[in-house]
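Engineer: My structure is stored as upload-v3.txt, with compact mmCIF, C-alpha atoms.
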```txt
# COMPACT_ATOMS: atom_id res chain seq x y z
CA MET A 1 252.11 -40.49 140.41
CA ASP A 2 253.52 -38.86 137.28
CA ASN A 3 250.61 -37.41 135.36
CA LYS A 4 252.41 -35.34 132.73
CA ILE A 5 250.85 -35.38 129.26
CA LYS A 6 253.94 -37.01 127.71
CA ASN A 7 253.49 -40.01 130.02
CA ILE A 8 249.85 -40.54 129.04
CA PRO A 9 249.36 -43.17 126.31
CA LEU A 10 249.27 -41.46 122.92
CA ASP A 11 245.66 -42.42 122.13
CA ASP A 12 244.46 -40.98 125.47
CA ARG A 13 246.08 -37.57 125.08
CA PRO A 14 243.58 -34.71 124.62
CA ARG A 15 244.78 -33.57 121.18
CA GLU A 16 244.87 -37.09 119.76
CA ARG A 17 241.42 -37.86 121.20
CA LEU A 18 240.06 -34.64 119.69
CA ILE A 19 241.46 -35.56 116.28
CA ASN A 20 240.27 -39.15 116.40
CA LYS A 21 236.99 -38.87 118.27
CA GLY A 22 235.93 -35.21 117.99
CA ALA A 23 235.94 -32.28 120.40
CA ASN A 24 232.65 -33.33 121.98
CA SER A 25 234.33 -36.45 123.40
CA LEU A 26 236.65 -34.38 125.61
CA SER A 27 235.99 -33.20 129.14
CA ASN A 28 236.05 -29.52 130.09
CA GLU A 29 239.43 -30.11 131.71
CA GLU A 30 240.85 -31.65 128.53
CA LEU A 31 239.55 -28.89 126.27
CA LEU A 32 241.07 -26.23 128.50
CA ALA A 33 244.35 -28.21 128.65
CA ILE A 34 244.63 -28.07 124.86
CA LEU A 35 244.21 -24.31 124.91
CA LEU A 36 246.75 -23.79 127.69
CA GLY A 37 249.26 -25.97 125.88
CA SER A 38 251.58 -26.69 128.81
CA GLY A 39 251.69 -26.90 132.55
CA THR A 40 254.49 -26.00 134.93
CA LYS A 41 257.51 -27.82 136.33
CA ASN A 42 255.44 -29.28 139.16
CA LEU A 43 251.96 -29.25 137.63
CA SER A 44 250.72 -30.97 134.49
CA VAL A 45 248.59 -28.99 132.08
CA LYS A 46 245.56 -31.16 132.92
CA SER A 47 246.05 -30.50 136.62
CA LEU A 48 246.38 -26.80 135.91
CA SER A 49 243.16 -26.89 133.90
CA SER A 50 241.40 -28.66 136.75
CA LEU A 51 242.65 -26.02 139.17
CA ILE A 52 241.32 -23.16 137.01
CA LEU A 53 237.93 -24.83 136.67
CA SER A 54 237.75 -25.43 140.42
CA LYS A 55 238.41 -21.73 141.04
CA SER A 56 235.44 -20.78 138.87
CA GLY A 57 233.13 -23.22 140.64
CA SER A 58 231.51 -24.49 137.44
CA ILE A 59 232.06 -24.25 133.70
CA SER A 60 229.20 -21.77 133.40
CA ASP A 61 230.94 -19.48 135.91
CA LEU A 62 234.30 -19.56 134.12
CA SER A 63 233.38 -16.31 132.38
CA LYS A 64 233.27 -14.55 135.76
CA LEU A 65 237.01 -14.93 136.28
CA THR A 66 238.96 -11.74 135.63
CA TYR A 67 242.58 -11.33 134.57
CA HIS A 68 243.55 -10.62 138.16
CA ASP A 69 241.68 -13.71 139.38
CA LEU A 70 243.53 -15.89 136.90
CA ILE A 71 247.08 -14.69 137.53
CA LYS A 72 246.59 -15.37 141.24
CA ILE A 73 246.31 -19.09 140.40
CA LYS A 74 249.67 -20.81 140.78
CA GLY A 75 250.96 -21.76 137.34
CA VAL A 76 248.90 -19.18 135.42
CA GLY A 77 250.95 -16.32 134.01
CA LYS A 78 250.05 -13.47 131.71
CA ALA A 79 250.00 -15.58 128.54
CA LYS A 80 247.73 -18.30 129.94
CA ALA A 81 245.42 -15.75 131.56
CA CYS A 82 245.06 -13.97 128.22
CA THR A 83 244.36 -17.30 126.48
CA VAL A 84 241.54 -18.12 128.89
CA LEU A 85 240.02 -14.63 128.65
CA SER A 86 240.21 -14.74 124.84
CA LEU A 87 238.39 -18.08 124.88
CA ILE A 88 235.66 -16.62 127.07
CA GLU A 89 235.16 -13.58 124.85
CA LEU A 90 235.10 -15.66 121.65
CA SER A 91 232.53 -17.98 123.22
CA LYS A 92 230.30 -15.01 124.03
CA ARG A 93 230.53 -13.68 120.49
CA ILE A 94 229.92 -17.06 118.88
CA ASN A 95 226.94 -17.69 121.15
CA ARG A 96 225.42 -14.36 120.25
CA LYS A 97 226.01 -14.65 116.51
CA THR A 98 224.32 -18.04 116.23
CA GLU A 99 221.26 -15.98 115.42
CA SER A 100 222.13 -12.90 113.41
CA VAL A 101 220.60 -9.75 114.85
CA ASP A 102 219.77 -8.38 111.40
CA ARG A 103 217.23 -11.19 110.90
CA LEU A 104 215.38 -10.46 114.11
CA LYS A 105 212.32 -8.33 114.69
CA PHE A 106 212.32 -6.98 118.21
CA ASN A 107 208.68 -6.16 118.85
CA SER A 108 208.70 -6.73 122.60
CA PRO A 109 211.22 -6.12 125.42
CA ASP A 110 211.29 -9.78 126.43
CA LYS A 111 212.70 -10.73 123.00
CA ILE A 112 215.56 -8.31 123.50
CA PHE A 113 216.14 -9.66 126.99
CA ASN A 114 216.21 -13.27 125.82
CA PHE A 115 218.62 -12.44 122.99
CA TYR A 116 221.15 -10.43 124.99
CA LYS A 117 221.06 -12.02 128.45
CA THR A 118 223.49 -14.79 127.51
CA VAL A 119 226.20 -12.44 126.28
CA ILE A 120 226.16 -9.56 128.73
CA ASP A 121 229.24 -8.85 130.78
CA ASP A 122 228.70 -9.48 134.50
CA ASN A 123 231.53 -7.14 135.48
CA GLN A 124 230.78 -3.87 133.68
CA GLU A 125 227.99 -1.91 132.07
CA GLU A 126 227.59 -2.08 128.30
CA PHE A 127 225.41 0.29 126.29
CA TYR A 128 223.94 -0.93 122.99
CA VAL A 129 221.80 0.79 120.43
CA ILE A 130 219.58 -1.29 118.15
CA TYR A 131 218.82 0.48 114.87
CA LEU A 132 215.55 -0.28 113.05
CA ASP A 133 214.08 0.67 109.69
CA ALA A 134 210.67 2.25 109.02
CA LYS A 135 208.99 -1.17 109.42
CA LYS A 136 210.77 -1.69 112.75
CA ARG A 137 213.01 -4.41 111.35
CA VAL A 138 216.48 -4.57 112.84
CA ILE A 139 219.20 -3.09 110.65
CA LYS A 140 222.12 -3.43 113.04
CA ASP A 141 223.07 -3.29 116.69
CA LYS A 142 226.11 -1.46 118.01
CA LEU A 143 227.95 -1.59 121.31
CA LEU A 144 228.69 2.10 121.81
CA PHE A 145 229.84 2.48 125.39
CA ILE A 146 231.52 0.31 128.02
CA GLY A 147 231.71 1.38 131.64
CA THR A 148 229.45 3.33 133.96
CA VAL A 149 226.51 4.65 131.97
CA ASN A 150 225.77 8.29 132.73
CA HIS A 151 224.41 11.30 130.88
CA SER A 152 227.87 12.73 130.21
CA LEU A 153 229.42 9.55 128.76
CA VAL A 154 226.49 8.49 126.58
CA HIS A 155 226.74 11.11 123.88
CA PRO A 156 223.75 11.43 121.53
CA ARG A 157 226.12 12.46 118.71
CA ASP A 158 227.42 8.89 118.47
CA ILE A 159 223.95 7.37 118.75
CA PHE A 160 222.35 9.49 116.04
CA LYS A 161 225.36 9.61 113.73
CA ASN A 162 225.00 5.86 113.33
CA ALA A 163 221.24 6.22 112.90
CA TYR A 164 221.73 8.53 109.91
CA ASN A 165 224.47 6.39 108.40
CA LEU A 166 222.23 3.31 108.63
CA ASN A 167 219.11 5.18 107.44
CA SER A 168 217.39 4.19 110.67
CA THR A 169 213.93 5.46 111.60
CA PHE A 170 213.68 4.00 115.09
CA ILE A 171 216.15 3.09 117.82
CA ILE A 172 216.06 0.95 120.93
CA CYS A 173 218.63 1.60 123.63
CA MET A 174 219.71 -1.24 125.85
CA HIS A 175 222.28 -1.36 128.61
CA THR A 176 223.36 -3.87 131.19
CA HIS A 177 223.58 -3.72 134.96
CA PRO A 178 226.34 -5.94 136.42
CA SER A 179 224.21 -6.40 139.54
CA LEU A 180 220.98 -8.39 139.55
CA ASP A 181 219.00 -5.17 140.04
CA SER A 182 217.47 -3.82 136.83
CA THR A 183 215.90 -0.81 138.54
CA PRO A 184 216.88 2.38 136.66
CA SER A 185 219.20 4.78 138.43
CA GLU A 186 218.89 8.55 138.36
CA ASN A 187 221.51 8.60 135.61
CA ASP A 188 219.51 6.04 133.61
CA LEU A 189 216.48 8.31 133.78
CA LEU A 190 218.51 11.35 132.67
CA VAL A 191 220.10 9.44 129.78
CA THR A 192 216.72 8.22 128.55
CA LYS A 193 215.07 11.65 128.69
CA ARG A 194 218.00 13.22 126.86
CA ILE A 195 218.04 10.65 124.05
CA LYS A 196 214.25 10.75 123.63
CA LYS A 197 214.20 14.55 123.44
CA ILE A 198 216.95 14.74 120.83
CA GLY A 199 215.41 11.84 118.88
CA ASP A 200 212.07 13.62 118.71
CA ILE A 201 213.78 16.74 117.32
CA MET A 202 215.78 14.74 114.76
CA GLY A 203 212.91 12.56 113.64
CA ILE A 204 214.41 9.30 114.91
CA LYS A 205 212.09 7.88 117.54
CA LEU A 206 213.35 6.15 120.69
CA ILE A 207 211.04 3.14 121.03
CA ASP A 208 212.37 1.85 124.32
CA HIS A 209 215.30 1.81 126.71
CA ILE A 210 215.80 -1.58 128.33
CA ILE A 211 218.02 -2.38 131.31
CA ILE A 212 219.15 -5.99 131.36
CA THR A 213 220.69 -8.22 134.03
CA LYS A 214 221.31 -11.96 133.91
CA ASN A 215 217.92 -12.68 135.45
CA ASN A 216 215.53 -9.86 134.58
CA TYR A 217 214.98 -6.62 132.72
CA TYR A 218 213.36 -3.21 133.07
CA SER A 219 211.59 -1.61 130.10
CA PHE A 220 210.96 2.14 130.11
CA LEU A 221 208.20 1.55 127.56
CA GLU A 222 206.40 -1.10 129.63
CA ASN A 223 206.61 1.17 132.68
CA GLY A 224 205.10 4.14 130.86
CA GLN A 225 208.26 6.25 130.89
CA ILE A 226 208.56 6.65 127.10
```
Step by step, read the file and then write its structure as structure tokens.

Structural biologist:
Amino acid sequence: MDNKIKNIPLDDRPRERLINKGANSLSNEELLAILLGSGTKNLSVKSLSSLILSKSGSISDLSKLTYHDLIKIKGVGKAKACTVLSLIELSKRINRKTESVDRLKFNSPDKIFNFYKTVIDDNQEEFYVIYLDAKKRVIKDKLLFIGTVNHSLVHPRDIFKNAYNLNSTFIICMHTHPSLDSTPSENDLLVTKRIKKIGDIMGIKLIDHIIITKNNYYSFLENGQI
């Protein structure tokens, strides 16, 4: 059976359906097909989309696919892999910005966990600093480090330079663990002690350091370590 897009009736093609009926009328496969734009000589773009989705297991797990995972799929080259990864990253950013961080008041670790858990990267550690004013209202959050968090990579200079520029009185550090284990490592303990000590000297108090995974969190404050 020939299932190429050009042989599908015009009104049933994904782009035309999106225009006429709205994006919410399209299946996941059709939405991805529009982004990919074309298939291969032997594979229609819809079939290619279906193949990519099957590799992820479910639409919610699509974000777990890496560049190397994608280019292993027959019919997916560099350009299509980059398109899919760009879609994933934009989706994360849009999801996070639906509620602007500068309107939030983080007065408990679970609020921070609930805000960030949907946008954390499953594949690498990310280190954020949340800057607060004298009334503990959020001024801004910044992603400062990506990669393995240790006491040599997390430099207080970058953390406190931003604090002064933003006129911040308090900070909350937050970083992610790609695993499902939020237990602090020895490096996590060293990083926290170092930041707290320097913050006390500089008059910018570290309120908490929170380790977040997809399913749980660990708060240094709640565990009496700050």

Engineer: So, counting only C-alpha atoms, which residue among A:Lys196, A:Lys46, A:His175, A:Lys41 is closest to Gln124 of chain A?

Structural biologist: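 For Gln124 of chain A, the nearest of the candidates is A:His175.
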
Engineer: In Å, with one decimal, what is the gap from atom CA of Val138 of chain A to atom CA of Pro109 of chain A?

Structural biologist: 13.7 Å

Engineer: Using all atoms listed in the file, pick whichever of A:Phe220, A:Phe127, A:Phe170, A:Phe145 has the shortest atom-to-atom distance to Thr183 of chain A.

Structural biologist: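 Closest candidate: A:Phe220.
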
Engineer: For the contact check between segment 10-38 of chain A and segment 68-82 of chain A, emit one row per residue of segment 10-38 of chain A within 10 Å, containing the shortest atom pair and the distance in Å rounded to one decimal, counting all atoms listed in the file, chain then rising number order, as JSON lines.

Structural biologist:
```
{"residue": "A:Leu35", "atom": "CA", "partner": "A:Lys80", "partner_atom": "CA", "distance": 8.6}
{"residue": "A:Leu36", "atom": "CA", "partner": "A:Lys80", "partner_atom": "CA", "distance": 6.0}
{"residue": "A:Gly37", "atom": "CA", "partner": "A:Lys80", "partner_atom": "CA", "distance": 8.8}
{"residue": "A:Ser38", "atom": "CA", "partner": "A:Lys80", "partner_atom": "CA", "distance": 9.3}
```

Engineer: Measuring between only C-alpha atoms, which one of A:Ile59, A:Ala163, A:Leu32, A:Leu18 shows the shortest distance to Ser47 of chain A?

Structural biologist: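 That would be A:Leu32, the residue with the smallest distance to Ser47 of chain A.
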
Engineer: Between atom CA of Leu190 of chain A and atom CA of Ile212 of chain A, what is the distance in Å, rounded to a tenth?

Structural biologist: 17.4 Å

Engineer: Could you check how far atom CA of Leu132 of chain A sits from atom CA of Ile171 of chain A, in Å to one decimal?

Structural biologist: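 Spanning atom CA of Leu132 of chain A to atom CA of Ile171 of chain A is a straight-line distance of 5.9 Å.
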
Engineer: I'd like to know which of A:Ile210, A:Val129, A:Leu143, A:Leu26 is closest to Pro184 of chain A, using all atoms listed in the file.

Structural biologist: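 Going through A:Ile210, A:Val129, A:Leu143, A:Leu26 one by one, the smallest distance to Pro184 of chain A is for A:Ile210.
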
Engineer: Hey, what's within 10 Å of Ser168 of chain A if we count all atoms listed in the file and toss same-chain stuff fewer than 3 positions away? As a ChimeraX atom specification, please?

Structural biologist: /A:130-134,136-140,160,162-165,171,203-205

Engineer: Which residues, written as a PDB file with C-alpha atoms, in the frame of the given file, have at least one atom at most 12 Å from Asn215 of chain A, with only C-alpha atoms counted and residues fewer than 4 positions away on the same chain left out?

Structural biologist:
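Result file follows (out33.pdb):
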```pdb
ATOM      1  CA  ASP A 110     211.290  -9.780 126.430  1.00  0.00           C
ATOM      2  CA  PHE A 113     216.140  -9.660 126.990  1.00  0.00           C
ATOM      3  CA  ASN A 114     216.210 -13.270 125.820  1.00  0.00           C
ATOM      4  CA  TYR A 116     221.150 -10.430 124.990  1.00  0.00           C
ATOM      5  CA  LYS A 117     221.060 -12.020 128.450  1.00  0.00           C
ATOM      6  CA  THR A 118     223.490 -14.790 127.510  1.00  0.00           C
ATOM      7  CA  ILE A 120     226.160  -9.560 128.730  1.00  0.00           C
ATOM      8  CA  ASP A 122     228.700  -9.480 134.500  1.00  0.00           C
ATOM      9  CA  THR A 176     223.360  -3.870 131.190  1.00  0.00           C
ATOM     10  CA  HIS A 177     223.580  -3.720 134.960  1.00  0.00           C
ATOM     11  CA  PRO A 178     226.340  -5.940 136.420  1.00  0.00           C
ATOM     12  CA  SER A 179     224.210  -6.400 139.540  1.00  0.00           C
ATOM     13  CA  LEU A 180     220.980  -8.390 139.550  1.00  0.00           C
ATOM     14  CA  ASP A 181     219.000  -5.170 140.040  1.00  0.00           C
ATOM     15  CA  SER A 182     217.470  -3.820 136.830  1.00  0.00           C
ATOM     16  CA  ILE A 211     218.020  -2.380 131.310  1.00  0.00           C
TER      17      ILE A 211
END
```

Engineer: Closest to Ser185 of chain A among A:Thr83, A:Gly22, A:Lys92, A:Tyr218, using only C-alpha atoms?

Structural biologist: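 Once distances to Ser185 of chain A are computed over only C-alpha atoms, the minimum belongs to A:Tyr218.
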